[in-house]
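S.K.: See my_file.txt below, with compact mmCIF, C-alpha atoms.
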# COMPACT_ATOMS: atom_id res chain seq x y z
CA MET C 364 0.73 138.55 -121.24
CA SER C 365 2.71 141.38 -119.76
CA ASP C 366 1.28 144.04 -117.46
CA THR C 367 0.58 147.58 -118.49
CA ILE C 368 -0.32 150.85 -116.80
CA GLU C 369 -2.50 153.50 -118.36
CA VAL C 370 -0.91 156.94 -118.64
CA ASP C 371 -2.57 159.78 -120.57
CA GLY C 372 -4.77 157.25 -122.34
CA LYS C 373 -1.80 155.14 -123.46
CA GLN C 374 -0.98 151.62 -122.29
CA LEU C 375 2.67 151.36 -121.20
CA ALA C 376 4.32 147.99 -120.60
CA VAL C 377 5.72 147.30 -117.12
CA ASP C 378 7.55 144.27 -115.73
CA GLU C 379 6.23 141.96 -113.02
CA GLU C 380 7.44 144.34 -110.32
CA GLY C 381 5.87 147.39 -111.90
CA TYR C 382 9.00 148.97 -113.42
CA LEU C 383 8.59 150.51 -116.88
CA ALA C 384 9.69 148.06 -119.56
CA ASP C 385 11.01 150.84 -121.80
CA LEU C 386 12.60 153.82 -120.14
CA ASN C 387 11.87 155.92 -123.22
CA ASP C 388 8.14 155.58 -122.44
CA TRP C 389 8.57 157.83 -119.40
CA VAL C 390 6.66 161.09 -119.05
CA PRO C 391 6.08 162.91 -115.73
CA ALA C 392 2.52 161.54 -115.64
CA VAL C 393 4.00 158.04 -115.24
CA ALA C 394 5.20 159.04 -111.77
CA ASP C 395 1.77 160.46 -110.88
CA VAL C 396 -0.04 157.30 -111.99
CA MET C 397 2.39 155.02 -110.11
CA ALA C 398 2.20 157.20 -107.00
CA LYS C 399 -1.57 157.01 -107.06
CA GLN C 400 -1.36 153.21 -107.16
CA ASP C 401 0.85 153.40 -104.04
CA ASN C 402 -1.53 155.90 -102.36
CA LEU C 403 1.01 158.69 -102.50
CA GLU C 404 0.55 162.30 -103.50
CA LEU C 405 3.72 163.64 -105.13
CA SER C 406 5.09 166.85 -103.63
CA GLU C 407 7.89 169.08 -104.81
CA GLU C 408 10.22 167.15 -102.48
CA HIS C 409 9.31 163.89 -104.22
CA TRP C 410 10.00 165.46 -107.58
CA ASP C 411 13.43 166.67 -106.44
CA ILE C 412 14.40 163.05 -105.84
CA ILE C 413 12.75 161.70 -109.00
CA ASN C 414 14.47 164.32 -111.15
CA PHE C 415 17.73 163.71 -109.37
CA LEU C 416 17.50 159.98 -110.15
CA ARG C 417 16.76 160.63 -113.80
CA GLU C 418 19.77 162.95 -114.08
CA TYR C 419 21.98 160.39 -112.34
CA TYR C 420 20.84 157.68 -114.73
CA GLU C 421 21.34 159.93 -117.73
CA GLU C 422 24.93 160.56 -116.68
CA TYR C 423 26.01 157.16 -115.37
CA GLN C 424 23.58 154.69 -117.01
CA ILE C 425 22.67 153.04 -113.72
CA ALA C 426 20.25 153.71 -110.90
CA PRO C 427 22.26 154.32 -107.72
CA ALA C 428 22.09 152.03 -104.67
CA VAL C 429 20.40 153.56 -101.60
CA ARG C 430 23.52 154.64 -99.80
CA VAL C 431 24.99 156.17 -102.92
CA LEU C 432 21.70 157.98 -103.47
CA THR C 433 21.61 159.27 -99.88
CA LYS C 434 25.11 160.65 -100.09
CA ALA C 435 24.56 162.23 -103.48
CA VAL C 436 21.25 163.78 -102.42
CA GLY C 437 22.93 165.27 -99.35
CA LYS C 438 25.51 166.87 -101.56
CA LYS C 439 23.06 168.16 -104.14
CA LEU C 440 19.95 169.07 -102.14
CA GLY C 441 21.36 169.81 -98.71
CA LYS C 442 22.71 167.80 -95.76
CA GLU C 443 19.32 167.64 -93.98
CA LYS C 444 17.97 165.65 -96.95
CA GLY C 445 20.93 163.32 -97.28
CA ASN C 446 19.73 160.67 -94.87
CA SER C 447 17.66 157.57 -95.30
CA LYS C 448 15.06 158.69 -92.73
CA TYR C 449 14.13 161.68 -94.87
CA LEU C 450 14.08 159.62 -98.05
CA TYR C 451 11.98 156.86 -96.48
CA SER C 452 9.51 159.49 -95.25
CA LEU C 453 8.99 160.46 -98.88
CA PHE C 454 9.14 156.96 -100.35
CA PRO C 455 7.92 154.45 -97.76
CA TYR C 456 8.62 151.45 -100.02
CA GLY C 457 12.27 152.40 -100.17
CA PRO C 458 13.83 155.44 -101.81
CA ALA C 459 15.82 153.56 -104.39
CA LYS C 460 13.19 151.00 -105.33
CA GLN C 461 10.04 153.12 -105.25
CA ALA C 462 11.53 156.39 -106.47
CA CYS C 463 13.37 154.61 -109.30
CA ARG C 464 10.11 153.00 -110.36
CA PHE C 465 8.39 156.41 -110.42
CA ALA C 466 11.31 157.81 -112.40
CA GLY C 467 10.94 155.08 -115.02
CA LEU C 468 14.36 153.57 -114.27
CA PRO C 469 15.23 149.92 -113.85
CA LYS C 470 15.57 148.51 -110.34
CA PRO C 471 18.85 149.75 -108.81
CA THR C 472 21.88 147.51 -109.10
CA GLY C 473 22.41 145.78 -105.79
CA CYS C 474 18.72 145.67 -104.79
CA VAL C 475 17.15 142.26 -104.42
CA MET M 74 28.42 142.91 -89.38
CA SER M 75 31.90 141.52 -89.67
CA GLU M 76 34.56 143.29 -87.62
CA THR M 77 37.44 142.60 -89.94
CA VAL M 78 37.64 144.54 -93.16
CA LYS M 79 39.02 142.39 -95.94
CA GLN M 80 40.92 143.54 -98.97
CA PHE M 81 39.07 142.59 -102.13
CA LEU M 82 40.72 142.77 -105.53
CA TYR M 83 38.72 142.40 -108.72
CA LEU M 84 40.71 141.49 -111.82
CA ASN M 85 39.30 142.53 -115.20
CA ARG M 86 40.95 140.87 -118.19
CA LYS M 87 38.30 141.04 -120.93
CA ALA M 88 37.45 143.65 -123.54
CA PRO M 89 33.97 145.21 -123.32
CA TYR M 90 31.04 144.28 -125.65
CA GLY M 91 32.59 141.20 -127.32
CA THR M 92 31.68 139.13 -124.27
CA ILE M 93 29.49 139.73 -121.20
CA TYR M 94 32.38 139.51 -118.69
CA ALA M 95 33.10 143.22 -118.43
CA TRP M 96 29.52 144.25 -117.68
CA GLU M 97 28.96 141.38 -115.26
CA ALA M 98 32.18 142.19 -113.43
CA LEU M 99 31.12 145.81 -113.04
CA GLU M 100 27.75 144.75 -111.62
CA VAL M 101 29.44 142.42 -109.14
CA VAL M 102 31.82 145.21 -108.06
CA LEU M 103 28.91 147.63 -107.53
CA ILE M 104 26.91 145.08 -105.57
CA GLY M 105 29.94 143.98 -103.54
CA ALA M 106 30.74 147.60 -102.69
CA ALA M 107 27.69 147.64 -100.40
CA PHE M 108 29.46 145.34 -97.93
CA ASP M 109 31.91 147.85 -96.49
CA GLN M 110 35.07 146.09 -97.53
CA ASP M 111 38.26 147.58 -98.90
CA VAL M 112 37.70 147.17 -102.61
CA GLY M 113 40.26 147.54 -105.38
CA VAL M 114 39.76 146.94 -109.09
CA MET M 115 42.57 146.13 -111.49
CA PHE M 116 42.39 146.24 -115.29
CA LEU M 117 44.94 144.14 -117.15
CA ASP M 118 45.32 142.41 -120.52
CA ASP M 119 42.31 143.25 -122.73
CA GLY M 120 40.52 144.52 -119.61
CA VAL M 121 42.27 147.88 -120.08
CA TYR M 122 39.98 148.46 -123.08
CA GLN M 123 37.05 148.78 -120.65
CA LEU M 124 38.31 152.17 -119.49
CA VAL M 125 38.88 153.69 -122.93
CA LYS M 126 37.16 157.09 -123.23
CA GLY M 127 34.53 157.97 -125.81
CA GLN M 128 32.80 154.59 -126.19
CA ASP M 129 29.57 154.72 -128.18
CA PRO M 130 27.97 151.31 -128.80
CA ARG M 131 24.58 152.58 -130.02
CA GLU M 132 25.18 151.32 -133.57
CA ILE M 133 26.00 147.82 -132.38
CA GLY M 134 22.84 147.79 -130.26
CA MET M 135 24.47 147.50 -126.85
CA LYS M 136 24.18 149.39 -123.61
CA ASN M 137 26.96 151.92 -123.05
CA PHE M 138 28.26 151.04 -119.60
CA SER M 139 31.41 153.08 -120.00
CA PRO M 140 29.94 156.06 -118.02
CA THR M 141 29.09 153.66 -115.20
CA PHE M 142 32.78 153.20 -114.37
CA ARG M 143 32.80 156.81 -113.25
CA THR M 144 30.41 155.91 -110.39
CA LEU M 145 32.94 153.53 -108.82
CA GLY M 146 34.12 156.42 -106.66
CA ASP M 147 30.54 157.01 -105.43
CA TYR M 148 30.42 153.35 -104.48
CA GLU M 149 33.51 153.90 -102.34
CA VAL M 150 35.77 151.83 -104.53
CA GLY M 151 38.88 153.78 -103.65
CA ARG M 152 41.55 151.90 -105.56
CA ILE M 153 41.60 151.49 -109.32
CA TYR M 154 44.69 150.13 -111.05
CA VAL M 155 45.65 149.71 -114.68
CA ASP M 156 48.54 147.51 -115.73
CA GLY M 157 50.93 149.78 -117.65
CA GLU M 158 52.42 147.02 -119.78
CA SER M 159 48.98 145.93 -120.98
CA LEU M 160 48.24 149.54 -121.96
CA ALA M 161 51.51 149.95 -123.85
CA ALA M 162 51.10 146.66 -125.72
CA ARG M 163 47.78 147.98 -127.02
CA GLY M 164 49.08 151.36 -128.17
CA LEU M 165 47.23 153.16 -125.36
CA THR M 166 48.29 155.71 -122.77
CA ARG M 167 46.65 157.01 -119.59
CA GLU M 168 45.26 159.91 -121.66
CA ASP M 169 43.05 157.41 -123.49
CA LEU M 170 41.34 156.36 -120.25
CA VAL M 171 38.34 157.77 -118.37
CA GLU M 172 38.97 159.60 -115.12
CA ILE M 173 37.26 158.41 -111.95
CA ALA M 174 36.77 160.87 -109.10
CA TRP M 175 36.59 159.87 -105.46
CA GLU M 176 35.76 161.51 -102.17
CA ASP M 177 37.15 160.25 -98.89
CA PRO M 178 34.08 159.27 -96.82
CA GLU M 179 35.73 160.44 -93.58
CA THR M 180 37.64 163.58 -94.49
CA GLU M 181 35.51 164.53 -97.56
CA GLU M 182 38.78 165.15 -99.32
CA GLU M 183 38.23 164.99 -103.08
CA VAL M 184 40.54 163.30 -105.55
CA ASP M 185 39.91 164.10 -109.24
CA ASN M 186 41.21 160.84 -110.60
CA ILE M 187 42.03 157.64 -108.73
CA VAL M 188 42.95 155.62 -111.82
CA GLU M 189 46.54 154.55 -111.19
CA VAL M 190 48.79 153.05 -113.84
CA VAL M 191 51.03 150.47 -112.17
CA ASP M 192 54.05 148.44 -113.22
CA ARG M 193 54.29 144.64 -112.94
CA THR M 194 56.13 144.69 -109.63
CA ARG M 195 53.36 146.72 -108.04
CA ALA M 196 50.64 144.65 -109.73
CA ARG M 197 52.16 141.48 -108.30
CA ALA M 198 52.37 143.02 -104.84
CA LEU M 199 48.73 144.11 -105.00
CA MET M 200 47.65 140.58 -105.89
CA ASP M 201 49.74 139.18 -103.04
CA GLU M 202 48.33 141.66 -100.52
CA ALA M 203 44.67 141.00 -101.35
CA ASP M 204 42.70 138.70 -99.03
CA VAL M 205 40.28 137.77 -101.80
CA VAL M 206 40.77 137.96 -105.57
CA PHE M 207 37.84 137.79 -107.98
CA SER M 208 38.68 137.13 -111.63
CA PHE M 209 36.71 138.11 -114.71
CA MET K 966 37.75 130.85 -155.19
CA SER K 967 37.73 134.24 -153.42
CA ILE K 968 37.21 134.17 -149.69
CA LEU K 969 36.16 136.77 -147.14
CA HIS K 970 37.68 135.85 -143.80
CA THR K 971 36.16 137.32 -140.65
CA VAL K 972 37.94 137.72 -137.31
CA ASN K 973 35.97 138.75 -134.22
CA LYS K 974 38.49 138.04 -131.44
CA SER K 975 41.11 140.33 -129.94
CA PRO K 976 44.61 139.52 -131.23
CA PHE K 977 45.86 139.78 -127.63
CA GLU K 978 43.53 137.12 -126.32
CA ARG K 979 43.25 134.55 -129.12
CA ASN K 980 45.31 133.50 -132.11
CA SER K 981 42.32 133.78 -134.50
CA LEU K 982 43.87 136.59 -136.54
CA GLU K 983 47.26 134.93 -136.62
CA SER K 984 45.84 131.65 -137.91
CA CYS K 985 43.60 133.47 -140.36
CA VAL K 986 46.57 135.34 -141.82
CA GLN K 987 48.63 132.15 -142.06
CA PHE K 988 45.95 130.20 -143.87
CA ALA K 989 44.49 132.93 -146.08
CA SER K 990 45.57 132.89 -149.76
CA ASP K 991 47.15 135.93 -151.40
CA GLY K 992 44.57 138.53 -152.32
CA ALA K 993 41.92 137.26 -149.88
CA ALA K 994 39.89 139.77 -147.84
CA VAL K 995 39.89 139.87 -144.04
CA LEU K 996 37.22 141.76 -142.10
CA LEU K 997 37.93 142.64 -138.47
CA PHE K 998 34.80 143.09 -136.35
CA GLU K 999 33.63 142.90 -132.70
CA ASP K 1000 36.77 142.46 -130.51
CA GLY K 1001 38.74 141.79 -133.69
CA VAL K 1002 38.85 145.54 -134.37
CA TYR K 1003 41.55 146.01 -131.72
CA ALA K 1004 44.05 144.59 -134.23
CA ALA K 1005 43.42 147.56 -136.55
CA LEU K 1006 44.81 150.12 -134.10
CA ALA K 1007 48.24 151.61 -134.82
CA GLY K 1008 50.96 151.42 -132.20
CA THR K 1009 50.05 148.05 -130.70
CA GLY K 1010 52.12 144.93 -130.23
CA ALA K 1011 50.18 143.36 -133.11
CA GLU K 1012 50.89 146.14 -135.60
CA SER K 1013 53.91 144.58 -137.33
CA ARG K 1014 51.98 141.36 -138.03
CA VAL K 1015 49.04 143.33 -139.38
CA ARG K 1016 51.31 145.42 -141.63
CA GLU K 1017 52.90 142.24 -142.93
CA ALA K 1018 49.47 140.82 -143.71
CA LEU K 1019 48.55 144.01 -145.56
CA GLY K 1020 51.28 143.19 -148.08
CA ARG K 1021 49.29 140.29 -149.51
CA LEU K 1022 45.78 140.52 -148.08
CA ARG K 1023 43.04 143.17 -148.15
CA LEU K 1024 42.06 144.22 -144.63
CA TYR K 1025 38.82 145.86 -143.53
CA VAL K 1026 37.47 146.91 -140.16
CA LEU K 1027 33.84 147.44 -139.11
CA GLY K 1028 33.28 151.12 -138.21
CA PRO K 1029 30.42 150.70 -135.70
CA ASP K 1030 32.58 148.30 -133.66
CA LEU K 1031 35.42 150.85 -133.59
CA LYS K 1032 33.03 153.57 -132.47
CA ALA K 1033 31.52 151.35 -129.78
CA ARG K 1034 34.97 150.84 -128.28
CA GLY K 1035 36.00 154.49 -128.32
CA LEU K 1036 38.55 154.04 -131.13
CA SER K 1037 38.58 156.80 -133.74
CA GLU K 1038 39.25 156.01 -137.38
CA ASP K 1039 42.37 158.19 -137.49
CA ARG K 1040 44.13 155.73 -135.16
CA ILE K 1041 43.79 152.88 -137.64
CA ILE K 1042 46.81 151.41 -139.43
CA GLU K 1043 47.11 152.89 -142.93
CA GLY K 1044 45.81 150.60 -145.63
CA ILE K 1045 42.95 149.10 -143.64
CA GLY K 1046 39.54 150.05 -145.05
CA VAL K 1047 36.73 151.09 -142.72
CA VAL K 1048 33.31 149.70 -143.70
CA ASP K 1049 29.81 150.03 -142.24
CA TYR K 1050 27.22 147.23 -142.01
CA ALA K 1051 26.20 147.74 -145.65
CA GLY K 1052 29.87 147.48 -146.60
CA PHE K 1053 30.09 144.21 -144.66
CA VAL K 1054 27.18 142.85 -146.67
CA ASP K 1055 28.78 144.02 -149.94
CA LEU K 1056 32.03 142.27 -149.05
CA ALA K 1057 30.17 139.06 -148.23
CA ALA K 1058 28.30 139.28 -151.54
CA GLU K 1059 31.46 139.99 -153.58
CA HIS K 1060 33.20 136.85 -152.37
CA ASP K 1061 32.39 133.23 -153.07
CA LYS K 1062 32.27 132.37 -149.42
CA VAL K 1063 32.78 133.66 -145.91
CA GLN K 1064 35.15 131.89 -143.55
CA ALA K 1065 34.87 132.78 -139.87
CA TRP K 1066 37.84 132.60 -137.47
CA LEU K 1067 36.20 132.41 -134.06
Would you kindly transcribe this structure into structure tokens?

M.R.:
Amino acid sequence: MSDTIEVDGKQLAVDEEGYLADLNDWVPAVADVMAKQDNLELSEEHWDIINFLREYYEEYQIAPAVRVLTKAVGKKLGKEKGNSKYLYSLFPYGPAKQACRFAGLPKPTGCV
Amino acid sequence: MSETVKQFLYLNRKAPYGTIYAWEALEVVLIGAAFDQDVGVMFLDDGVYQLVKGQDPREIGMKNFSPTFRTLGDYEVGRIYVDGESLAARGLTREDLVEIAWEDPETEEEVDNIVEVVDRTRARALMDEADVVFSF
Amino acid sequence: MSILHTVNKSPFERNSLESCVQFASDGAAVLLFEDGVYAALAGTGAESRVREALGRLRLYVLGPDLKARGLSEDRIIEGIGVVDYAGFVDLAAEHDKVQAWL
């Protein structure tokens, strides 16, 4: 049996690592529920990254690797945010892995 | 980390969708790009079809990975070559292909399109120059 | 015996289409699909062979496979019919058998 998470009263399928099985299932509440499981409270800064990842996926059909994400975030949201220290402070389990999970995307290509 | 930067050349010879080669090759290139090597990608034979603009495989139930090629620049793949003879034999021109932008990591100089159509002499030289060639 | 031949390989990578055309009887139907659709494009190195085949065979190409590969229907060699999945089924039903050239 596959795992599920409960979001707004609905059961959504996730894989063994907690990533959404179907990216079309995503609603913002998915991120809140997943963050709660990780003992995180989502701030506006978190949402900037989550939204950024969703836009990137929409355009390129892949989740970016960490260093690609860092560079792109620096360009889009300001140089002071384009470093892995800042991103790790927001997403302690890794910006690409954890933030992609919150954003409903598959695990980034190049992450093992 | 290794001191010497090697020249990697990925050769793509298969059309997209009909087989899994094209998608797998792209994944390998993206993963390999994390290792700070000098990476080039060449499209020849039916591989040139991978770069054709306007792909829409929704009706055949496949993932559209055509937009993903445009991230190669983000992944610091700075050299992308297309064999001109392969293009011509298939009734295609450079106008039929996607454009891939690139920014120099050091100088932040931006190039709008790094897709370079090459002749056979240059293609041969590129293969000779490469330290490692991966074929798909 | 009427036959629908199907070709799903690129003419630049395999000789499936070439063999199909050589063995198909006059008046037979040939459907190009998957990577086979690349043969339907005008201006390629395979065009003269395809035009020759059109003289004695009926050629069709599967629209969704063209669309997937970014090839618009107005680039197709004149005389080749574009069909959708339902058209594929109709062709299969209209013929006594389907012969695949893999």

S.K.: Find the residues around range 976-981 of chain K up to 12 Å (only C-alpha atoms counted), leave out those fewer than 3 positions away in its own chain, and share them as JSON, numbers by chain.

M.R.: {"M": [86, 87, 88, 91, 117, 118, 119, 120, 121, 122, 159, 160, 162, 163], "K": [970, 971, 972, 973, 984, 985, 986, 987, 988, 989, 995, 997, 998, 999, 1000, 1001, 1002, 1003, 1004, 1005, 1006, 1009, 1010, 1011, 1012, 1014, 1015, 1064, 1065, 1066, 1067]}

S.K.: CA of Ala376 in chain C and CA of Ala394 in chain C are how many Å apart?

M.R.: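 So the two atoms, CA of Ala376 in chain C and CA of Ala394 in chain C, lie 14.2 Å apart.
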
S.K.: Would you give me, as CSV, each residue of chain M having an atom within 6 Å of an atom of chain K, along with its shortest atom pair and that distance in Å to one decimal, using only C-alpha atoms and sorting by chain and residue number?

M.R.:
residue,atom,partner,partner_atom,distance
M:Gly91,CA,K:Asp1000,CA,5.4
M:Lys126,CA,K:Gly1035,CA,5.8
M:Gly127,CA,K:Gly1035,CA,4.5
M:Gln128,CA,K:Gly1035,CA,3.8
M:Asp129,CA,K:Ala1033,CA,4.2
M:Pro130,CA,K:Ala1033,CA,3.7
M:Glu132,CA,K:Pro1029,CA,5.7
M:Ala162,CA,K:Gly1010,CA,4.9
M:Arg163,CA,K:Thr1009,CA,4.3
M:Gly164,CA,K:Thr1009,CA,4.3

S.K.: Taking a cut-off of 12 Å and counting all atoms listed in the file, can you build a table that, for each residue of chain C near chain M, reports the nearest atom pair and how far apart they are in Å (one decimal), sorted by chain then residue number, as JSON lines?

M.R.:
{"residue": "C:Tyr419", "atom": "CA", "partner": "M:Thr144", "partner_atom": "CA", "distance": 9.7}
{"residue": "C:Tyr420", "atom": "CA", "partner": "M:Thr141", "partner_atom": "CA", "distance": 9.2}
{"residue": "C:Glu421", "atom": "CA", "partner": "M:Pro140", "partner_atom": "CA", "distance": 9.4}
{"residue": "C:Glu422", "atom": "CA", "partner": "M:Pro140", "partner_atom": "CA", "distance": 6.9}
{"residue": "C:Tyr423", "atom": "CA", "partner": "M:Thr141", "partner_atom": "CA", "distance": 4.7}
{"residue": "C:Gln424", "atom": "CA", "partner": "M:Thr141", "partner_atom": "CA", "distance": 5.9}
{"residue": "C:Ile425", "atom": "CA", "partner": "M:Thr141", "partner_atom": "CA", "distance": 6.6}
{"residue": "C:Ala426", "atom": "CA", "partner": "M:Thr141", "partner_atom": "CA", "distance": 9.8}
{"residue": "C:Pro427", "atom": "CA", "partner": "M:Thr144", "partner_atom": "CA", "distance": 8.7}
{"residue": "C:Ala428", "atom": "CA", "partner": "M:Ala107", "partner_atom": "CA", "distance": 8.3}
{"residue": "C:Val429", "atom": "CA", "partner": "M:Ala107", "partner_atom": "CA", "distance": 9.5}
{"residue": "C:Arg430", "atom": "CA", "partner": "M:Ala107", "partner_atom": "CA", "distance": 8.2}
{"residue": "C:Val431", "atom": "CA", "partner": "M:Asp147", "partner_atom": "CA", "distance": 6.1}
{"residue": "C:Leu432", "atom": "CA", "partner": "M:Asp147", "partner_atom": "CA", "distance": 9.1}
{"residue": "C:Thr433", "atom": "CA", "partner": "M:Asp147", "partner_atom": "CA", "distance": 10.8}
{"residue": "C:Lys434", "atom": "CA", "partner": "M:Asp147", "partner_atom": "CA", "distance": 8.4}
{"residue": "C:Ala435", "atom": "CA", "partner": "M:Asp147", "partner_atom": "CA", "distance": 8.2}
{"residue": "C:Val436", "atom": "CA", "partner": "M:Asp147", "partner_atom": "CA", "distance": 11.9}
{"residue": "C:Lys438", "atom": "CA", "partner": "M:Glu181", "partner_atom": "CA", "distance": 11.0}
{"residue": "C:Pro471", "atom": "CA", "partner": "M:Ile104", "partner_atom": "CA", "distance": 9.9}
{"residue": "C:Thr472", "atom": "CA", "partner": "M:Ile104", "partner_atom": "CA", "distance": 6.6}
{"residue": "C:Gly473", "atom": "CA", "partner": "M:Ile104", "partner_atom": "CA", "distance": 4.6}
{"residue": "C:Cys474", "atom": "CA", "partner": "M:Ile104", "partner_atom": "CA", "distance": 8.2}
{"residue": "C:Val475", "atom": "CA", "partner": "M:Ile104", "partner_atom": "CA", "distance": 10.2}

S.K.: Please produce a file of the residues just selected, as a compact mmCIF listing (two decimals), keeping the file's coordinate frame, where the atoms kept are C-alpha atoms.

M.R.:
# COMPACT_ATOMS: atom_id res chain seq x y z
CA TYR C 419 21.98 160.39 -112.34
CA TYR C 420 20.84 157.68 -114.73
CA GLU C 421 21.34 159.93 -117.73
CA GLU C 422 24.93 160.56 -116.68
CA TYR C 423 26.01 157.16 -115.37
CA GLN C 424 23.58 154.69 -117.01
CA ILE C 425 22.67 153.04 -113.72
CA ALA C 426 20.25 153.71 -110.90
CA PRO C 427 22.26 154.32 -107.72
CA ALA C 428 22.09 152.03 -104.67
CA VAL C 429 20.40 153.56 -101.60
CA ARG C 430 23.52 154.64 -99.80
CA VAL C 431 24.99 156.17 -102.92
CA LEU C 432 21.70 157.98 -103.47
CA THR C 433 21.61 159.27 -99.88
CA LYS C 434 25.11 160.65 -100.09
CA ALA C 435 24.56 162.23 -103.48
CA VAL C 436 21.25 163.78 -102.42
CA LYS C 438 25.51 166.87 -101.56
CA PRO C 471 18.85 149.75 -108.81
CA THR C 472 21.88 147.51 -109.10
CA GLY C 473 22.41 145.78 -105.79
CA CYS C 474 18.72 145.67 -104.79
CA VAL C 475 17.15 142.26 -104.42

S.K.: Please provide as a PyMOL selection string all residues within 8 Å of Arg1021 in chain K, with the sequence filter that same-chain residues fewer than 6 positions apart are discarded (counting all atoms listed in the file).

M.R.: chain K and resi 991-993

S.K.: Work out how far apart CA of Phe116 in chain M and CA of Glu1038 in chain K are and give it in Å to one decimal.

M.R.: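 CA of Glu1038 in chain K lies at a distance of 24.4 Å from CA of Phe116 in chain M.
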
S.K.: Hey, can you check how far CA of Ala98 in chain M sits from CA of Thr180 in chain M?

M.R.: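 Computing it gives 29.1 Å between the two atoms.
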
S.K.: Report, as AutoDock Vina command-line options, the axis-aligned box around all atoms of range 87-97 of chain M present in the file, extended by 5 Å on each side; give centre and edge lengths in Å to one decimal place.

M.R.:
--center_x 33.6 --center_y 142.2 --center_z -121.3 --size_x 19.3 --size_y 16.1 --size_z 22.1

S.K.: Write out as an MDAnalysis selection string which residues come within 8 Å of Asn414 in chain C when counting only C-alpha atoms, dropping same-chain ones fewer than 4 positions away.

M.R.: chainID C and resid 410 418 466

S.K.: Residues within 8 Å of Ser208 in chain M, please, as an MDAnalysis selection string. Count all atoms listed in the file; anything in the same chain fewer than 4 positions from it doesn't count.

M.R.: chainID M and resid 83:86

S.K.: Residues at most 6 Å from range 79-82 of chain M, counting all atoms listed in the file, excluding those fewer than 3 positions away in the same chain, as a VMD selection string?

M.R.: chain M and resid 110 to 114 203 to 206

S.K.: Print the selection's residues with C-alpha atoms to a file, as a PDB file, in the coordinates of the input.

M.R.:
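New file out_5.pdb:
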ATOM      1  CA  GLN M 110      35.070 146.090 -97.530  1.00  0.00           C
ATOM      2  CA  ASP M 111      38.260 147.580 -98.900  1.00  0.00           C
ATOM      3  CA  VAL M 112      37.700 147.170-102.610  1.00  0.00           C
ATOM      4  CA  GLY M 113      40.260 147.540-105.380  1.00  0.00           C
ATOM      5  CA  VAL M 114      39.760 146.940-109.090  1.00  0.00           C
ATOM      6  CA  ALA M 203      44.670 141.000-101.350  1.00  0.00           C
ATOM      7  CA  ASP M 204      42.700 138.700 -99.030  1.00  0.00           C
ATOM      8  CA  VAL M 205      40.280 137.770-101.800  1.00  0.00           C
ATOM      9  CA  VAL M 206      40.770 137.960-105.570  1.00  0.00           C
TER      10      VAL M 206
END
